[in-house]
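S.K.: First the structure, which I've put down as structure tokens, then a few questions once you've had a look.
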Amino acid sequence: MVDRVGTDGPDGLDTPGSDGPGEDLTDVPGDEPDEDLPPVDGDLPGVETDGVEPDIGADETGQPPVEEGYLSTPELGVRILGPSSLGVAQSIGSSIQVAGFVVGKPDAIQWTSLTTGQSGFCAGVPFWLSGKVDLKQGDNFIQVKATQGDQTATDSIVVTHNPAFLFGTELRIRPGALYTNTPATLVFSMDMGLYTNFDPSTLKLCESTQQGECVSDVHTMLDDGQVSFSGDEVGDDGVFSWKKSYKASQAGKLCFRVHAVIKAGFQQYTAYSPVVCVDVVSPVSVQECEGTRALLLEADQLYWATLSTADAATARQEVVKLLEGKAEVAEVGTSYQGYGVWVRFANGLLGAFPFSPQGLRGGGEGDDAGIEAIEAPLPGPEILISSKRSVVFGPYHEEFGSQDESKFIFNVLDKSECPPYVLEGPWYDSQATLSRFRTMWENGMVAVATHGDSYFRELSPGAKDGYGWNHRQSQELLWTGEAVDCTQLGQEMKDCVAQSDCPSGSECVITQSSGKGTKVSGVCIDFKQVDLRTGRVVMGPSRYGILPSFVREHQGRGYPDSVVYLGACRSLWNGTLAMEFYAAGAKAVAGYSGYVTTAFAYQAGAKFYSALVEEMKHTGDCFPEKPVTDPDNPGSHLRLLGAVNLNATNSDLINPSWETGNLTGWQSSGDGRVVTRLGITVPVEGKFMSLISTGMGYTPQVGEIFQTFCIPEGKSEMSFYWKLYSEEFKEWCGSIYQDTFEATLEGEEGTVTFVSASIDSLCPPQQCQGCGSQFDGLLQADVIFDQGDVWMTQWRKAQGNVFALAGLGAVTLRYFVTDKGDSIYDTAVLLDTIKLK
């Protein structure tokens, strides 16, 4: 997998959060109870929030104040959130502050720069902030250590200081993982569009150690649009690329970084990007998998057989004794104060047993050890989710039956007209696969109702370090719906041109293109293999489970200020899962402090979502003032980590000018992307614009981007800018080759067409009979596509009357291009600055 790299702002500081029911539900207006779901009892114990929403402002340093209080847990843990939560960052400034989160009641939190020797103490709990940390040019290794008596917890970050320069994005590597002794092409790309004070001829990709030392230069990265040669998709768009075939003989990591000569005033120096590593794993063979699972099944059968004549504690000990006597087992232990048993096999695979008493969401004795005050210091009156996309998981839907809140949650979201949530799922039982959990990050609303527990508290420190776990004690776990099927583990990276060419569970990653938009190819890779070998996925007797490191690894471009509900036992017990969701961009995470019954979780989860969506309350207002616990598990309750002022019912158009630097909030099909420039063309406003095409680079499909939202009542006009490039100008004017660009706004009350332009309509009138109906000049473009000359329009403003659609429900704004006549000559359209007034 690729370790994503974060960047901070020009001042070198990125504080936490910047990366990146109390009522009766039975009488909620508009909530028609599903006949298959039990009613939500207004008198049943509800859920709690820890504290009320504070008036949070910035102090004289410009930073939000740090909350006081501590989070009571049986385990100490610390997590760095800023300047990046990803373990690496870059800074343009010569000093930063380090910020983060701590669980437990630390005696002290201290930071140390292993590069400068400087150190100091951090202020505030649970959210803490350091003083000024000075940086040297280049890599700075910084460690944060929390202490509580004889307990210690640490986290670290490498901050690369490049004066007067920032790399535009992290180094992206595709496919992101390799199998040992299997040749595969890696495609590298780096967006360099934000800062231009570098010499492109010196922009080189190098192989490096994990510590950042460049071992050898691979090649100069190019922005030439010659995808079949360099791997670069679009010429002169500010994204530089290279590709190379690798065959690694040993498991481990292949690490890379980029360096370039920077001009800073009258001086020059070499700047380095943060290090990005690719996992190299030896695939788990079918025989190895079946041998491992056989031990899990043997132990599972022993537990239930023993439980018929003895208590649960005796049954667990029998399982431990059995596993300790197996040569294939390296370590074994039990869940802290719980029913679970875990195992680390000698081959490095992890196993766990969900020994849940009937009616519980994970199994174990009720306890009151959990996070107590989990309010994030986020400024402003409210925070809005940044995507209406939503996903609901019910891995145990058949078992939970009518008490599965995932169905209730899905219905609540589905019934909402404004905002119009774009739903995936519900993914019930075997549909709740690992591959679907890997794309949770795309959604503004994430809900999971499953079994869970905490495991691996006593796993050896060396093993935890080897897996790269941030938290060194217990790991919270969620069980998925994907069955352990050893025959479905992908054993080779076979060639593919589409997903249908790959075995079930594998992904086709495109790494080669002819450059004609017609021939692409790639490799099939089973990321389950990678996650199993790296300790992100756990094997159970019947299904797979995910650990916090899974959330950290599979965060894509970051969660879009999401609300995450974790309906499982101990899903917010020591904070290991919630901290990773929060660090990955989610702004509010709800979970359970201990073990809970399925009945209680159904009621609490349903009330939370009814208040959040149907009553349109802020996250913190969805909880009653007085904490109420599960009556069958004293001390266990639903709680919230993160923003109490998050609004999950944002109906407006999100990211209207793509200033997030990506397609957050939008959906795409085919070739849709965000760029900083195309040749000399820059955005009309801001730093970013979107691009759709008839299929360029590694994407042969024609491009479309679209978003569903609601127009506020009283709005009457929408406008935006567009600019079209095509290889079909002017040679193919009047021919059958007629690429088109369409922009529409569709609602139940009708459709507004902003643009419907073909090549002929934009050609000069004298070029052909019927040409020129929308002609407003053509210019020779300063970029070339793969077939040569390109002509372009000027920036053109499109606008339309949308009054008839305002205040009348959901509408979909859609931009798309079509490829008529052939797929050889490319057309691309830039879009920017959508405004509604």
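Each chain of the structure tokens is named A, B, ... in the order shown, its residues numbered from 1; ligands are numbered from 1 in display order.
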From a backbone DSSP assignment, name each residue in segment 409-635 of chain A labelled strand (DSSP E or B), as a PyMOL selection string.
M.R.: chain A and resi 422-428+445-449+452-455+475-483+495-496+507-513+520-525+537-539+543-546+563-567+588-592+597
S.K.: Just give me the gap between atom CA of Thr597 of chain A and atom CA of Leu423 of chain A in Å, one decimal is fine.
M.R.: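 If I compute the distance from atom CA of Thr597 of chain A to atom CA of Leu423 of chain A, I get 27.3 Å.
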S.K.: Excluding segment 209-211 of chain A and residues on its chain fewer than 2 positions from it, collect all residues at most 10 Å away from it, counting only C-alpha atoms, and give them as a PyMOL selection string.
M.R.: chain A and resi 139+141+158+206-207+213-215+253-257+275-277
S.K.: Would you write out those residues with all heavy atoms, as a CSV table (one decimal), in the first residue's frame?
M.R.:
chain,number,residue,atom,x,y,z
A,139,ASP,N,14.8,16.7,6.3
A,139,ASP,CA,14.0,15.9,7.1
A,139,ASP,C,14.2,16.1,8.6
A,139,ASP,O,15.3,16.2,9.1
A,139,ASP,CB,14.2,14.4,6.8
A,139,ASP,CG,13.8,14.0,5.4
A,139,ASP,OD1,12.9,14.7,4.9
A,139,ASP,OD2,14.4,13.0,4.9
A,141,PHE,N,13.0,14.6,12.3
A,141,PHE,CA,12.3,13.4,12.9
A,141,PHE,C,11.9,13.9,14.3
A,141,PHE,O,12.7,14.2,15.2
A,141,PHE,CB,13.3,12.2,13.1
A,141,PHE,CG,13.7,11.7,11.7
A,141,PHE,CD1,14.7,12.3,11.0
A,141,PHE,CD2,13.0,10.6,11.2
A,141,PHE,CE1,15.1,11.8,9.8
A,141,PHE,CE2,13.4,10.1,9.9
A,141,PHE,CZ,14.5,10.7,9.2
A,158,VAL,N,7.7,12.6,10.5
A,158,VAL,CA,8.9,13.2,9.8
A,158,VAL,C,8.4,14.4,9.0
A,158,VAL,O,7.5,14.3,8.1
A,158,VAL,CB,9.5,12.2,8.8
A,158,VAL,CG1,10.7,12.8,8.1
A,158,VAL,CG2,10.0,10.9,9.6
A,206,CYS,N,13.7,9.2,-7.0
A,206,CYS,CA,14.7,8.3,-6.5
A,206,CYS,C,14.2,7.2,-5.7
A,206,CYS,O,13.1,7.3,-5.0
A,206,CYS,CB,15.8,9.2,-5.7
A,206,CYS,SG,15.3,9.6,-4.0
A,207,GLU,N,14.9,6.1,-5.7
A,207,GLU,CA,14.6,5.0,-4.7
A,207,GLU,C,15.4,5.4,-3.4
A,207,GLU,O,16.5,5.9,-3.4
A,207,GLU,CB,15.2,3.7,-5.2
A,207,GLU,CG,14.5,3.2,-6.5
A,207,GLU,CD,15.1,2.0,-7.0
A,207,GLU,OE1,15.9,1.3,-6.3
A,207,GLU,OE2,14.8,1.6,-8.2
A,213,GLU,N,17.0,8.4,2.8
A,213,GLU,CA,18.3,8.5,2.1
A,213,GLU,C,18.1,8.0,0.6
A,213,GLU,O,17.7,6.9,0.4
A,213,GLU,CB,19.4,7.8,2.7
A,213,GLU,CG,20.7,7.9,2.0
A,213,GLU,CD,21.8,7.0,2.6
A,213,GLU,OE1,21.6,6.4,3.6
A,213,GLU,OE2,22.9,7.0,2.0
A,214,CYS,N,18.3,8.9,-0.4
A,214,CYS,CA,18.2,8.5,-1.8
A,214,CYS,C,19.3,7.6,-2.1
A,214,CYS,O,20.5,7.9,-2.0
A,214,CYS,CB,18.2,9.7,-2.7
A,214,CYS,SG,16.6,10.5,-2.9
A,215,VAL,N,19.0,6.4,-2.5
A,215,VAL,CA,20.0,5.4,-2.9
A,215,VAL,C,20.4,5.5,-4.3
A,215,VAL,O,21.6,5.4,-4.7
A,215,VAL,CB,19.4,3.9,-2.6
A,215,VAL,CG1,20.4,2.9,-3.0
A,215,VAL,CG2,19.1,3.8,-1.1
A,253,LYS,N,9.4,-3.2,2.1
A,253,LYS,CA,8.9,-2.0,1.5
A,253,LYS,C,9.9,-1.5,0.5
A,253,LYS,O,11.1,-1.6,0.6
A,253,LYS,CB,8.7,-0.9,2.6
A,253,LYS,CG,7.5,-1.2,3.5
A,253,LYS,CD,7.3,-0.1,4.5
A,253,LYS,CE,6.2,-0.3,5.4
A,253,LYS,NZ,4.9,-0.3,4.8
A,254,LEU,N,9.3,-1.0,-0.6
A,254,LEU,CA,10.1,-0.2,-1.6
A,254,LEU,C,9.7,1.3,-1.4
A,254,LEU,O,8.5,1.6,-1.5
A,254,LEU,CB,9.8,-0.6,-3.0
A,254,LEU,CG,10.3,-1.9,-3.6
A,254,LEU,CD1,9.8,-2.2,-5.0
A,254,LEU,CD2,11.9,-1.9,-3.5
A,255,CYS,N,10.7,2.1,-1.2
A,255,CYS,CA,10.4,3.5,-0.8
A,255,CYS,C,11.0,4.4,-1.9
A,255,CYS,O,12.0,4.2,-2.5
A,255,CYS,CB,11.0,3.8,0.5
A,255,CYS,SG,10.3,2.9,1.9
A,256,PHE,N,10.3,5.6,-2.1
A,256,PHE,CA,10.7,6.5,-3.1
A,256,PHE,C,10.4,7.9,-2.6
A,256,PHE,O,9.6,8.2,-1.7
A,256,PHE,CB,9.8,6.3,-4.4
A,256,PHE,CG,9.9,4.9,-4.9
A,256,PHE,CD1,9.0,3.9,-4.5
A,256,PHE,CD2,10.9,4.6,-5.9
A,256,PHE,CE1,9.1,2.6,-5.0
A,256,PHE,CE2,10.9,3.3,-6.4
A,256,PHE,CZ,10.1,2.3,-6.0
A,257,ARG,N,11.1,8.9,-3.2
A,257,ARG,CA,10.8,10.3,-3.0
A,257,ARG,C,11.2,11.0,-4.3
A,257,ARG,O,11.9,10.5,-5.1
A,257,ARG,CB,11.4,10.8,-1.8
A,257,ARG,CG,13.0,10.9,-1.8
A,257,ARG,CD,13.5,11.2,-0.4
A,257,ARG,NE,12.9,12.2,0.3
A,257,ARG,CZ,13.3,12.7,1.5
A,257,ARG,NH1,14.3,12.2,2.1
A,257,ARG,NH2,12.6,13.7,2.1
A,275,VAL,N,8.9,10.9,2.0
A,275,VAL,CA,9.0,9.5,1.5
A,275,VAL,C,7.7,8.8,1.4
A,275,VAL,O,6.8,8.9,2.3
A,275,VAL,CB,10.0,8.7,2.5
A,275,VAL,CG1,10.1,7.3,2.0
A,275,VAL,CG2,11.4,9.4,2.5
A,276,VAL,N,7.5,8.1,0.3
A,276,VAL,CA,6.3,7.2,0.2
A,276,VAL,C,6.8,5.8,-0.1
A,276,VAL,O,7.7,5.6,-0.9
A,276,VAL,CB,5.4,7.7,-1.0
A,276,VAL,CG1,4.2,6.8,-1.2
A,276,VAL,CG2,5.0,9.1,-0.7
A,277,CYS,N,6.2,4.8,0.6
A,277,CYS,CA,6.6,3.4,0.4
A,277,CYS,C,5.5,2.5,-0.1
A,277,CYS,O,4.3,2.8,0.1
A,277,CYS,CB,7.1,2.9,1.8
A,277,CYS,SG,8.5,3.7,2.5
S.K.: Pick out the closest residue to Gly117 of chain A from this set: A:Val133, A:Met192, A:Leu836, A:Val537. Count only C-alpha atoms.
M.R.: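 Among the listed residues, the smallest separation from Gly117 of chain A belongs to A:Val133.
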S.K.: Identify which of the residues A:Ala123, A:Ala153, A:Val159, A:Ile92 lies closest to Asn140 of chain A, counting only C-alpha atoms when measuring atom-to-atom distances.
M.R.: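 Among the listed residues, the smallest separation from Asn140 of chain A belongs to A:Val159.
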S.K.: Which residue out of A:Tyr737, A:Phe709, A:Tyr721, A:Phe527 has the minimum interatomic distance to Leu805 of chain A when only C-alpha atoms are used?
M.R.: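 The answer is A:Phe709, which sits nearest to Leu805 of chain A.
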S.K.: Near Leu459 of chain A, counting only C-alpha atoms, which residues have an atom at most 8 Å away, once you skip same-chain residues fewer than 2 positions from it, shown as a compact mmCIF listing (two decimals) with N, CA and C atoms, in the first residue's frame?
M.R.:
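Dumped to around.txt:
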# COMPACT_ATOMS: atom_id res chain seq x y z
N GLU A 331 2.19 -16.41 19.35
CA GLU A 331 1.68 -15.76 20.56
C GLU A 331 0.17 -15.96 20.61
N VAL A 332 -0.37 -15.97 21.85
CA VAL A 332 -1.81 -16.09 22.04
C VAL A 332 -2.18 -15.34 23.31
N GLY A 333 -3.39 -14.78 23.33
CA GLY A 333 -3.84 -14.04 24.51
C GLY A 333 -5.34 -13.84 24.48
N PHE A 456 -5.40 -8.00 21.30
CA PHE A 456 -3.96 -7.84 21.13
C PHE A 456 -3.31 -6.91 22.15
N ARG A 457 -3.91 -6.74 23.31
CA ARG A 457 -3.30 -5.89 24.33
C ARG A 457 -1.90 -6.37 24.69
N PRO A 461 5.75 -6.14 21.86
CA PRO A 461 6.04 -4.84 21.26
C PRO A 461 6.70 -4.95 19.89
N ALA A 463 6.26 -7.23 17.62
CA ALA A 463 5.24 -7.55 16.62
C ALA A 463 4.41 -6.33 16.28
N LYS A 464 4.03 -5.56 17.30
CA LYS A 464 3.24 -4.35 17.05
C LYS A 464 4.02 -3.36 16.21
N GLN A 473 -1.27 -0.76 22.51
CA GLN A 473 -1.95 -1.66 23.43
C GLN A 473 -3.10 -2.34 22.70
S.K.: Please identify all polymer residues within 9 Å of Gly556 of chain A, counting only C-alpha atoms, omitting same-chain residues fewer than 4 positions from it, and present them as a PyMOL selection string.
M.R.: chain A and resi 4+438-439+441-442+584
S.K.: For the selection you just gave me, I'd like the residues written to a file as a PDB file, in the first residue's frame, keeping N, CA, C and O atoms.
M.R.:
ATOM      1  N   ARG A   4       0.015   7.612   2.364  1.00  0.00           N
ATOM      2  CA  ARG A   4      -0.282   8.940   1.850  1.00  0.00           C
ATOM      3  C   ARG A   4       0.538   9.998   2.558  1.00  0.00           C
ATOM      4  O   ARG A   4       0.873   9.888   3.717  1.00  0.00           O
ATOM      5  N   ARG A 438     -12.843  -0.813   2.090  1.00  0.00           N
ATOM      6  CA  ARG A 438     -11.689  -0.010   1.678  1.00  0.00           C
ATOM      7  C   ARG A 438     -12.094   1.326   1.052  1.00  0.00           C
ATOM      8  O   ARG A 438     -11.278   2.237   0.963  1.00  0.00           O
ATOM      9  N   THR A 439     -13.339   1.446   0.607  1.00  0.00           N
ATOM     10  CA  THR A 439     -13.778   2.700  -0.015  1.00  0.00           C
ATOM     11  C   THR A 439     -14.711   3.494   0.895  1.00  0.00           C
ATOM     12  O   THR A 439     -15.405   4.405   0.424  1.00  0.00           O
ATOM     13  N   TRP A 441     -13.927   5.777   2.780  1.00  0.00           N
ATOM     14  CA  TRP A 441     -13.440   7.153   2.815  1.00  0.00           C
ATOM     15  C   TRP A 441     -14.122   8.063   1.794  1.00  0.00           C
ATOM     16  O   TRP A 441     -14.061   9.295   1.929  1.00  0.00           O
ATOM     17  N   GLU A 442     -14.779   7.515   0.803  1.00  0.00           N
ATOM     18  CA  GLU A 442     -15.435   8.324  -0.209  1.00  0.00           C
ATOM     19  C   GLU A 442     -16.732   8.963   0.290  1.00  0.00           C
ATOM     20  O   GLU A 442     -17.304   9.810  -0.391  1.00  0.00           O
ATOM     21  N   ALA A 584      -8.072  10.558   9.733  1.00  0.00           N
ATOM     22  CA  ALA A 584      -8.213  10.395   8.285  1.00  0.00           C
ATOM     23  C   ALA A 584      -9.176  11.404   7.674  1.00  0.00           C
ATOM     24  O   ALA A 584      -9.379  11.378   6.460  1.00  0.00           O
TER      25      ALA A 584
END
S.K.: With only C-alpha atoms as the basis for distance, which of A:Trp573, A:Tyr582, A:Phe101, A:Tyr725 is at the shortest distance from Arg79 of chain A?
M.R.: A:Phe101
S.K.: As a PyMOL selection string, please: the residues near segment 336-340 of chain A (cut-off 12 Å, only C-alpha atoms, same-chain neighbours under 4 positions excluded).
M.R.: chain A and resi 74-75+300+303+311-317+319-320+332+351-357+360-369+451-459+473-477+540+569-570+573-574+594-595
S.K.: Please dump the current selection as an mmCIF file, in the first residue's frame; keep C-alpha atoms.
M.R.:
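Produced file out21.cif, reproduced below:
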data_model
loop_
_atom_site.group_PDB
_atom_site.id
_atom_site.type_symbol
_atom_site.label_atom_id
_atom_site.label_comp_id
_atom_site.auth_asym_id
_atom_site.auth_seq_id
_atom_site.Cartn_x
_atom_site.Cartn_y
_atom_site.Cartn_z
ATOM 1 C CA PRO A 74 -7.379 1.590 31.129
ATOM 2 C CA GLU A 75 -4.737 2.209 28.463
ATOM 3 C CA ASP A 300 -13.484 -22.443 17.809
ATOM 4 C CA TYR A 303 -14.551 -23.361 22.838
ATOM 5 C CA ASP A 311 -18.174 -21.376 32.021
ATOM 6 C CA ALA A 312 -16.810 -18.965 29.410
ATOM 7 C CA ALA A 313 -13.567 -18.275 31.280
ATOM 8 C CA THR A 314 -12.747 -21.997 31.374
ATOM 9 C CA ALA A 315 -13.581 -22.354 27.687
ATOM 10 C CA ARG A 316 -11.268 -19.467 26.818
ATOM 11 C CA GLN A 317 -8.423 -20.986 28.794
ATOM 12 C CA VAL A 319 -8.552 -22.461 23.685
ATOM 13 C CA VAL A 320 -5.418 -20.675 24.900
ATOM 14 C CA VAL A 332 -1.807 -16.089 22.040
ATOM 15 C CA GLY A 351 -6.354 -14.450 14.155
ATOM 16 C CA ALA A 352 -9.188 -13.570 16.530
ATOM 17 C CA PHE A 353 -12.304 -15.218 17.938
ATOM 18 C CA PRO A 354 -15.590 -13.350 18.464
ATOM 19 C CA PHE A 355 -16.833 -15.446 21.359
ATOM 20 C CA SER A 356 -19.978 -13.389 21.821
ATOM 21 C CA PRO A 357 -22.729 -14.377 24.251
ATOM 22 C CA LEU A 360 -24.277 -8.994 22.578
ATOM 23 C CA ARG A 361 -22.527 -7.071 19.818
ATOM 24 C CA GLY A 362 -19.104 -8.483 20.660
ATOM 25 C CA GLY A 363 -19.060 -10.456 23.864
ATOM 26 C CA GLY A 364 -17.639 -9.737 27.268
ATOM 27 C CA GLU A 365 -18.331 -8.438 30.729
ATOM 28 C CA GLY A 366 -19.746 -4.931 30.985
ATOM 29 C CA ASP A 367 -17.259 -2.309 32.072
ATOM 30 C CA ASP A 368 -17.097 1.439 32.472
ATOM 31 C CA ALA A 369 -13.599 1.939 31.083
ATOM 32 C CA HIS A 451 -19.858 -7.344 16.052
ATOM 33 C CA GLY A 452 -16.649 -5.985 17.528
ATOM 34 C CA ASP A 453 -14.241 -6.199 20.436
ATOM 35 C CA SER A 454 -10.724 -5.205 21.486
ATOM 36 C CA TYR A 455 -7.771 -7.557 21.023
ATOM 37 C CA PHE A 456 -3.959 -7.837 21.126
ATOM 38 C CA ARG A 457 -3.300 -5.890 24.332
ATOM 39 C CA GLU A 458 -0.438 -8.232 25.291
ATOM 40 C CA LEU A 459 0.952 -8.811 21.804
ATOM 41 C CA GLN A 473 -1.949 -1.661 23.433
ATOM 42 C CA SER A 474 -5.402 -3.127 22.641
ATOM 43 C CA GLN A 475 -6.718 -2.771 19.092
ATOM 44 C CA GLU A 476 -10.431 -2.266 18.520
ATOM 45 C CA LEU A 477 -11.768 -4.547 15.775
ATOM 46 C CA GLY A 540 -11.516 -15.305 12.187
ATOM 47 C CA CYS A 569 -19.158 -3.548 21.130
ATOM 48 C CA ARG A 570 -16.123 -1.565 22.284
ATOM 49 C CA TRP A 573 -13.540 1.936 24.134
ATOM 50 C CA ASN A 574 -9.912 3.010 24.002
ATOM 51 C CA GLY A 594 -18.105 -1.071 26.209
ATOM 52 C CA TYR A 595 -20.179 -4.166 25.526
#
S.K.: Tell me which protein, DNA and RNA residues are within 9 Å of Phe229 of chain A, counting only C-alpha atoms, leaving out same-chain ones fewer than 4 positions away, and put them as a PyMOL selection string.
M.R.: chain A and resi 225+242-243+514
S.K.: Have a look at A:Gly231, A:Gly697, A:Pro183, A:Pro200 and name the one nearest to Tyr246 of chain A; count only C-alpha atoms.
M.R.: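 So, comparing all the options, the nearest one is A:Pro183.
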S.K.: How many Å lie between atom CA of Lys263 of chain A and atom CA of His161 of chain A, rounded to one decimal?
M.R.: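 Between these atoms lies a distance of 14.9 Å.
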S.K.: Check segment 261-296 of chain A with DSSP on the backbone and list each residue it calls alpha helix (DSSP H), as a ChimeraX atom specification.
M.R.: /A:286-296
S.K.: For Leu129 of chain A, which residue out of A:Thr676, A:Gln268, A:Gln110, A:Thr793 is the nearest one, using only C-alpha atoms?
M.R.: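 The answer is A:Gln110, which sits nearest to Leu129 of chain A.
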S.K.: Just how far from atom CA of Gly714 of chain A is atom CA of Ala804 of chain A, in Å to one decimal?
M.R.: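 Here the two named atoms are 9.8 Å from each other.
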